[in-house]
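Participant: Next comes structure35.txt, compact mmCIF, N, CA and C atoms:
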# COMPACT_ATOMS: atom_id res chain seq x y z
N MET F 1 49.90 -260.82 -13.46
CA MET F 1 49.81 -261.57 -14.69
C MET F 1 48.37 -261.65 -15.13
N SER F 2 48.13 -261.44 -16.41
CA SER F 2 46.77 -261.56 -16.89
C SER F 2 46.36 -263.03 -16.92
N GLN F 3 45.09 -263.25 -16.81
CA GLN F 3 44.60 -264.62 -16.79
C GLN F 3 44.79 -265.28 -18.13
N ILE F 4 45.02 -266.58 -18.11
CA ILE F 4 45.10 -267.36 -19.34
C ILE F 4 43.69 -267.44 -19.91
N GLN F 5 43.60 -267.19 -21.19
CA GLN F 5 42.30 -267.23 -21.84
C GLN F 5 41.84 -268.67 -22.00
N PRO F 6 40.52 -268.89 -21.94
CA PRO F 6 40.02 -270.24 -22.18
C PRO F 6 40.38 -270.70 -23.59
N PRO F 7 40.38 -272.00 -23.81
CA PRO F 7 40.75 -272.50 -25.12
C PRO F 7 39.85 -271.95 -26.22
N ASN F 8 40.44 -271.70 -27.37
CA ASN F 8 39.72 -271.22 -28.54
C ASN F 8 39.67 -272.37 -29.53
N HIS F 9 38.50 -272.88 -29.80
CA HIS F 9 38.38 -274.03 -30.68
C HIS F 9 38.41 -273.67 -32.15
N GLN F 10 38.66 -272.40 -32.48
CA GLN F 10 38.81 -271.95 -33.85
C GLN F 10 40.26 -271.59 -34.12
N ALA F 11 41.19 -272.38 -33.59
CA ALA F 11 42.61 -272.08 -33.69
C ALA F 11 43.11 -272.24 -35.12
N PRO F 12 44.11 -271.44 -35.51
CA PRO F 12 44.68 -271.58 -36.84
C PRO F 12 45.40 -272.92 -36.99
N PRO F 13 45.62 -273.38 -38.23
CA PRO F 13 46.21 -274.70 -38.43
C PRO F 13 47.68 -274.81 -38.03
N ASP F 14 48.45 -273.73 -38.09
CA ASP F 14 49.87 -273.78 -37.73
C ASP F 14 50.03 -273.56 -36.23
N LEU F 15 50.19 -274.65 -35.50
CA LEU F 15 50.27 -274.58 -34.05
C LEU F 15 51.51 -275.29 -33.55
N PHE F 16 51.98 -274.84 -32.40
CA PHE F 16 52.97 -275.59 -31.64
C PHE F 16 52.18 -276.27 -30.54
N ARG F 17 52.25 -277.59 -30.48
CA ARG F 17 51.48 -278.35 -29.50
C ARG F 17 52.43 -279.05 -28.53
N SER F 18 52.05 -279.05 -27.26
CA SER F 18 52.87 -279.70 -26.24
C SER F 18 51.98 -280.33 -25.18
N SER F 19 52.31 -281.55 -24.79
CA SER F 19 51.62 -282.18 -23.68
C SER F 19 52.42 -282.02 -22.39
N ASP F 20 53.55 -281.34 -22.47
CA ASP F 20 54.40 -281.09 -21.31
C ASP F 20 53.88 -279.87 -20.55
N LEU F 21 53.38 -280.09 -19.34
CA LEU F 21 52.81 -279.01 -18.55
C LEU F 21 53.86 -277.94 -18.23
N GLY F 22 55.09 -278.34 -17.96
CA GLY F 22 56.15 -277.38 -17.65
C GLY F 22 56.45 -276.47 -18.82
N VAL F 23 56.59 -277.04 -20.01
CA VAL F 23 56.84 -276.24 -21.22
C VAL F 23 55.68 -275.28 -21.46
N SER F 24 54.47 -275.79 -21.31
CA SER F 24 53.28 -274.97 -21.55
C SER F 24 53.18 -273.82 -20.55
N ALA F 25 53.48 -274.10 -19.29
CA ALA F 25 53.47 -273.04 -18.27
C ALA F 25 54.56 -272.02 -18.54
N PHE F 26 55.72 -272.47 -18.98
CA PHE F 26 56.82 -271.58 -19.35
C PHE F 26 56.38 -270.63 -20.46
N LEU F 27 55.73 -271.17 -21.48
CA LEU F 27 55.29 -270.34 -22.60
C LEU F 27 54.23 -269.33 -22.19
N THR F 28 53.28 -269.74 -21.36
CA THR F 28 52.26 -268.79 -20.93
C THR F 28 52.85 -267.74 -20.00
N ALA F 29 53.83 -268.13 -19.18
CA ALA F 29 54.50 -267.15 -18.31
C ALA F 29 55.26 -266.12 -19.13
N LEU F 30 55.72 -266.52 -20.32
CA LEU F 30 56.40 -265.59 -21.23
C LEU F 30 55.42 -264.72 -22.01
N GLY F 31 54.13 -265.04 -21.92
CA GLY F 31 53.12 -264.23 -22.59
C GLY F 31 52.58 -264.80 -23.89
N PHE F 32 52.96 -266.03 -24.24
CA PHE F 32 52.39 -266.64 -25.44
C PHE F 32 50.94 -267.04 -25.15
N PRO F 33 50.03 -266.76 -26.07
CA PRO F 33 48.62 -267.10 -25.82
C PRO F 33 48.36 -268.59 -25.99
N LEU F 34 47.62 -269.15 -25.06
CA LEU F 34 47.15 -270.52 -25.19
C LEU F 34 45.94 -270.49 -26.12
N LEU F 35 46.01 -271.22 -27.22
CA LEU F 35 44.95 -271.17 -28.21
C LEU F 35 43.87 -272.22 -27.99
N ARG F 36 44.28 -273.38 -27.48
CA ARG F 36 43.30 -274.44 -27.24
C ARG F 36 43.90 -275.53 -26.38
N VAL F 37 43.02 -276.35 -25.84
CA VAL F 37 43.43 -277.54 -25.09
C VAL F 37 42.70 -278.72 -25.72
N ASP F 38 43.46 -279.71 -26.15
CA ASP F 38 42.90 -280.92 -26.74
C ASP F 38 43.31 -282.10 -25.87
N TRP F 39 42.76 -283.25 -26.18
CA TRP F 39 43.13 -284.46 -25.46
C TRP F 39 43.65 -285.49 -26.44
N ASP F 40 44.74 -286.13 -26.06
CA ASP F 40 45.33 -287.22 -26.82
C ASP F 40 45.38 -288.41 -25.87
N GLY F 41 44.38 -289.23 -25.93
CA GLY F 41 44.27 -290.33 -24.97
C GLY F 41 43.99 -289.77 -23.59
N GLN F 42 44.90 -289.99 -22.67
CA GLN F 42 44.74 -289.53 -21.29
C GLN F 42 45.51 -288.24 -20.99
N ARG F 43 46.11 -287.62 -22.03
CA ARG F 43 46.96 -286.44 -21.81
C ARG F 43 46.36 -285.20 -22.44
N ALA F 44 46.44 -284.11 -21.71
CA ALA F 44 46.04 -282.81 -22.26
C ALA F 44 47.16 -282.34 -23.19
N VAL F 45 46.77 -281.74 -24.30
CA VAL F 45 47.72 -281.20 -25.26
C VAL F 45 47.40 -279.71 -25.41
N PHE F 46 48.37 -278.88 -25.10
CA PHE F 46 48.20 -277.43 -25.13
C PHE F 46 48.72 -276.90 -26.47
N ALA F 47 47.94 -276.04 -27.11
CA ALA F 47 48.31 -275.51 -28.42
C ALA F 47 48.61 -274.02 -28.32
N PHE F 48 49.72 -273.62 -28.94
CA PHE F 48 50.20 -272.24 -28.95
C PHE F 48 50.47 -271.83 -30.39
N PRO F 49 50.65 -270.53 -30.64
CA PRO F 49 51.07 -270.12 -31.99
C PRO F 49 52.40 -270.79 -32.36
N GLU F 50 52.59 -271.03 -33.62
CA GLU F 50 53.83 -271.65 -34.11
C GLU F 50 55.06 -270.88 -33.65
N SER F 51 54.93 -269.57 -33.45
CA SER F 51 56.07 -268.75 -33.02
C SER F 51 56.61 -269.14 -31.65
N ALA F 52 55.85 -269.91 -30.87
CA ALA F 52 56.29 -270.34 -29.54
C ALA F 52 57.30 -271.49 -29.60
N ARG F 53 57.39 -272.15 -30.74
CA ARG F 53 58.25 -273.34 -30.85
C ARG F 53 59.71 -273.04 -30.48
N ASP F 54 60.28 -271.97 -31.01
CA ASP F 54 61.68 -271.65 -30.73
C ASP F 54 61.91 -271.36 -29.25
N ARG F 55 60.98 -270.66 -28.63
CA ARG F 55 61.13 -270.35 -27.19
C ARG F 55 60.99 -271.60 -26.34
N ALA F 56 60.14 -272.54 -26.77
CA ALA F 56 59.95 -273.77 -26.01
C ALA F 56 61.25 -274.56 -25.91
N LEU F 57 62.09 -274.46 -26.93
CA LEU F 57 63.37 -275.17 -26.91
C LEU F 57 64.28 -274.68 -25.79
N LEU F 58 64.08 -273.44 -25.34
CA LEU F 58 64.91 -272.88 -24.27
C LEU F 58 64.55 -273.42 -22.89
N TYR F 59 63.38 -274.04 -22.77
CA TYR F 59 62.90 -274.49 -21.46
C TYR F 59 63.88 -275.43 -20.77
N ARG F 60 64.51 -276.30 -21.50
CA ARG F 60 65.40 -277.29 -20.91
C ARG F 60 66.87 -276.87 -20.91
N GLN F 61 67.16 -275.66 -21.33
CA GLN F 61 68.55 -275.19 -21.35
C GLN F 61 68.84 -274.38 -20.09
N PRO F 62 69.76 -274.84 -19.26
CA PRO F 62 70.07 -274.14 -18.01
C PRO F 62 70.43 -272.67 -18.25
N GLY F 63 69.83 -271.81 -17.44
CA GLY F 63 70.12 -270.39 -17.51
C GLY F 63 69.46 -269.65 -18.65
N ARG F 64 68.75 -270.35 -19.51
CA ARG F 64 68.11 -269.72 -20.67
C ARG F 64 66.60 -269.64 -20.51
N ASN F 65 66.07 -270.26 -19.47
CA ASN F 65 64.62 -270.37 -19.32
C ASN F 65 64.11 -269.53 -18.15
N LEU F 66 64.59 -268.30 -18.05
CA LEU F 66 64.26 -267.49 -16.89
C LEU F 66 62.91 -266.81 -17.03
N VAL F 67 62.02 -267.13 -16.11
CA VAL F 67 60.74 -266.45 -15.96
C VAL F 67 60.55 -266.27 -14.46
N GLU F 68 59.71 -265.34 -14.09
CA GLU F 68 59.46 -265.11 -12.67
C GLU F 68 58.76 -266.34 -12.08
N ALA F 69 59.22 -266.76 -10.92
CA ALA F 69 58.70 -267.97 -10.29
C ALA F 69 57.20 -267.89 -10.05
N HIS F 70 56.70 -266.75 -9.58
CA HIS F 70 55.27 -266.66 -9.31
C HIS F 70 54.45 -266.72 -10.59
N ARG F 71 54.97 -266.19 -11.70
CA ARG F 71 54.25 -266.28 -12.98
C ARG F 71 54.22 -267.73 -13.47
N PHE F 72 55.33 -268.43 -13.31
CA PHE F 72 55.39 -269.83 -13.71
C PHE F 72 54.42 -270.66 -12.88
N HIS F 73 54.43 -270.46 -11.58
CA HIS F 73 53.54 -271.20 -10.68
C HIS F 73 52.08 -270.91 -11.02
N GLN F 74 51.74 -269.64 -11.24
CA GLN F 74 50.37 -269.28 -11.59
C GLN F 74 49.96 -269.92 -12.92
N SER F 75 50.86 -269.94 -13.87
CA SER F 75 50.57 -270.58 -15.16
C SER F 75 50.32 -272.08 -14.98
N LEU F 76 51.13 -272.73 -14.15
CA LEU F 76 50.92 -274.16 -13.88
C LEU F 76 49.52 -274.41 -13.32
N ARG F 77 49.14 -273.61 -12.35
CA ARG F 77 47.81 -273.77 -11.73
C ARG F 77 46.69 -273.56 -12.73
N GLU F 78 46.80 -272.51 -13.54
CA GLU F 78 45.75 -272.21 -14.51
C GLU F 78 45.67 -273.28 -15.60
N LEU F 79 46.80 -273.76 -16.06
CA LEU F 79 46.79 -274.81 -17.09
C LEU F 79 46.21 -276.11 -16.55
N ARG F 80 46.55 -276.46 -15.32
CA ARG F 80 45.96 -277.67 -14.72
C ARG F 80 44.44 -277.54 -14.66
N GLY F 81 43.96 -276.37 -14.27
CA GLY F 81 42.52 -276.14 -14.21
C GLY F 81 41.86 -276.23 -15.57
N LEU F 82 42.48 -275.62 -16.58
CA LEU F 82 41.94 -275.69 -17.94
C LEU F 82 41.94 -277.13 -18.46
N ALA F 83 42.99 -277.86 -18.17
CA ALA F 83 43.07 -279.26 -18.61
C ALA F 83 41.98 -280.08 -17.92
N ARG F 84 41.80 -279.86 -16.65
CA ARG F 84 40.76 -280.58 -15.90
C ARG F 84 39.39 -280.27 -16.48
N ASP F 85 39.11 -278.98 -16.73
CA ASP F 85 37.82 -278.59 -17.30
C ASP F 85 37.61 -279.19 -18.69
N ALA F 86 38.65 -279.16 -19.51
CA ALA F 86 38.55 -279.71 -20.87
C ALA F 86 38.33 -281.23 -20.79
N GLY F 87 38.97 -281.89 -19.84
CA GLY F 87 38.82 -283.32 -19.68
C GLY F 87 37.41 -283.71 -19.24
N GLU F 88 36.80 -282.88 -18.43
CA GLU F 88 35.44 -283.15 -17.97
C GLU F 88 34.42 -283.00 -19.09
N ARG F 89 34.74 -282.16 -20.09
CA ARG F 89 33.83 -281.95 -21.21
C ARG F 89 33.95 -283.02 -22.27
N ARG F 90 34.96 -283.87 -22.18
CA ARG F 90 35.15 -284.92 -23.21
C ARG F 90 34.07 -285.94 -23.14
Would you encode the structure as structure tokens?

Facilitator:
Amino acid sequence: MSQIQPPNHQAPPDLFRSSDLGVSAFLTALGFPLLRVDWDGQRAVFAFPESARDRALLYRQPGRNLVEAHRFHQSLRELRGLARDAGERR
């Protein structure tokens, strides 16, 4: 799996945003680019292209959210690291 790119602070205005780490890891495991990481109070908010919205809905549907376990796990680890780094810069 290619590495998740660091947040891009020049993201386009039409974004799908999620503070759910599982949904965000699912989307990155599917290959959607992470555009930025913001903070809303104490929570990291991950921003993706608007096109990720429909796929994010599949995350909670049994049997519809299939991604390779190691890709999902790697995405979780990378997103936690990016969130931690973004939080330290606040």

Participant: What does the distance from CA of Thr28 in chain F to CA of Arg84 in chain F come to in Å, to one decimal?

Facilitator: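 That distance, rounded to one decimal, is 17.2 Å.
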
Participant: Just want the 6 Å neighbourhood of Arg71 in chain F, counted on only N, CA and C atoms, with same-chain residues fewer than 4 positions away dropped. Output as a list of chain:residue names.

Facilitator: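 Everything that qualifies: F:Ala29, F:Ser75, F:Leu76.
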
Participant: Just checking: using only C-alpha atoms, which residue out of F:Pro33, F:Gly81, F:Gly87, F:Gly22 ends up closest to Ala52 in chain F?

Facilitator: F:Pro33

Participant: Work out how far apart atom N of Phe26 in chain F and atom N of Ala86 in chain F are and give it in Å to one decimal.

Facilitator: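 Separating atom N of Phe26 in chain F from atom N of Ala86 in chain F is a distance of 18.3 Å.
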
Participant: Measuring between all atoms listed in the file, which one of F:Ala56, F:Leu21, F:Leu34, F:Arg43 shows the shortest distance to Arg80 in chain F?

Facilitator: F:Leu21

Participant: Running DSSP on the backbone, which parts of chain F land in strand (DSSP E or B), as JSON, numbers by chain?

Facilitator: {"F": [15, 16, 17, 18, 36, 37, 38, 39, 40, 43, 44, 45, 46, 47, 48, 49]}

Participant: Could you state the separation of CA of Gly63 in chain F and CA of Leu30 in chain F in Å, given to one decimal place?

Facilitator: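 We find that CA of Gly63 in chain F and CA of Leu30 in chain F lie 15.0 Å from each other.
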
Participant: Go through F:Phe16, F:Ala25, F:Phe32, F:Arg60 one by one, measure the shortest atom-to-atom distance of each to Ala47 in chain F using only N, CA and C atoms, and give the residue with the smallest value.

Facilitator: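 Between F:Phe16, F:Ala25, F:Phe32, F:Arg60, the residue approaching Ala47 in chain F most closely is F:Phe16.
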
Participant: Just the helix (DSSP H, G or I) stuff from chain F, please, per backbone DSSP, written as a PyMOL selection string.

Facilitator: chain F and resi 21-29+52-60+69-89

Participant: Which is closer to Glu88 in chain F than all the others in F:Ala69, F:Ala44, F:Val23, F:Leu15, using only C-alpha atoms?

Facilitator: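 Of F:Ala69, F:Ala44, F:Val23, F:Leu15, the one nearest Glu88 in chain F, counting only C-alpha atoms, is F:Ala44.
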
Participant: For a quick check of understanding, using only C-alpha atoms, which of F:Leu27, F:Gln61, F:Ala83, F:Leu66 has the smallest distance to Val45 in chain F?

Facilitator: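 Smallest distance to Val45 in chain F is found for F:Ala83.
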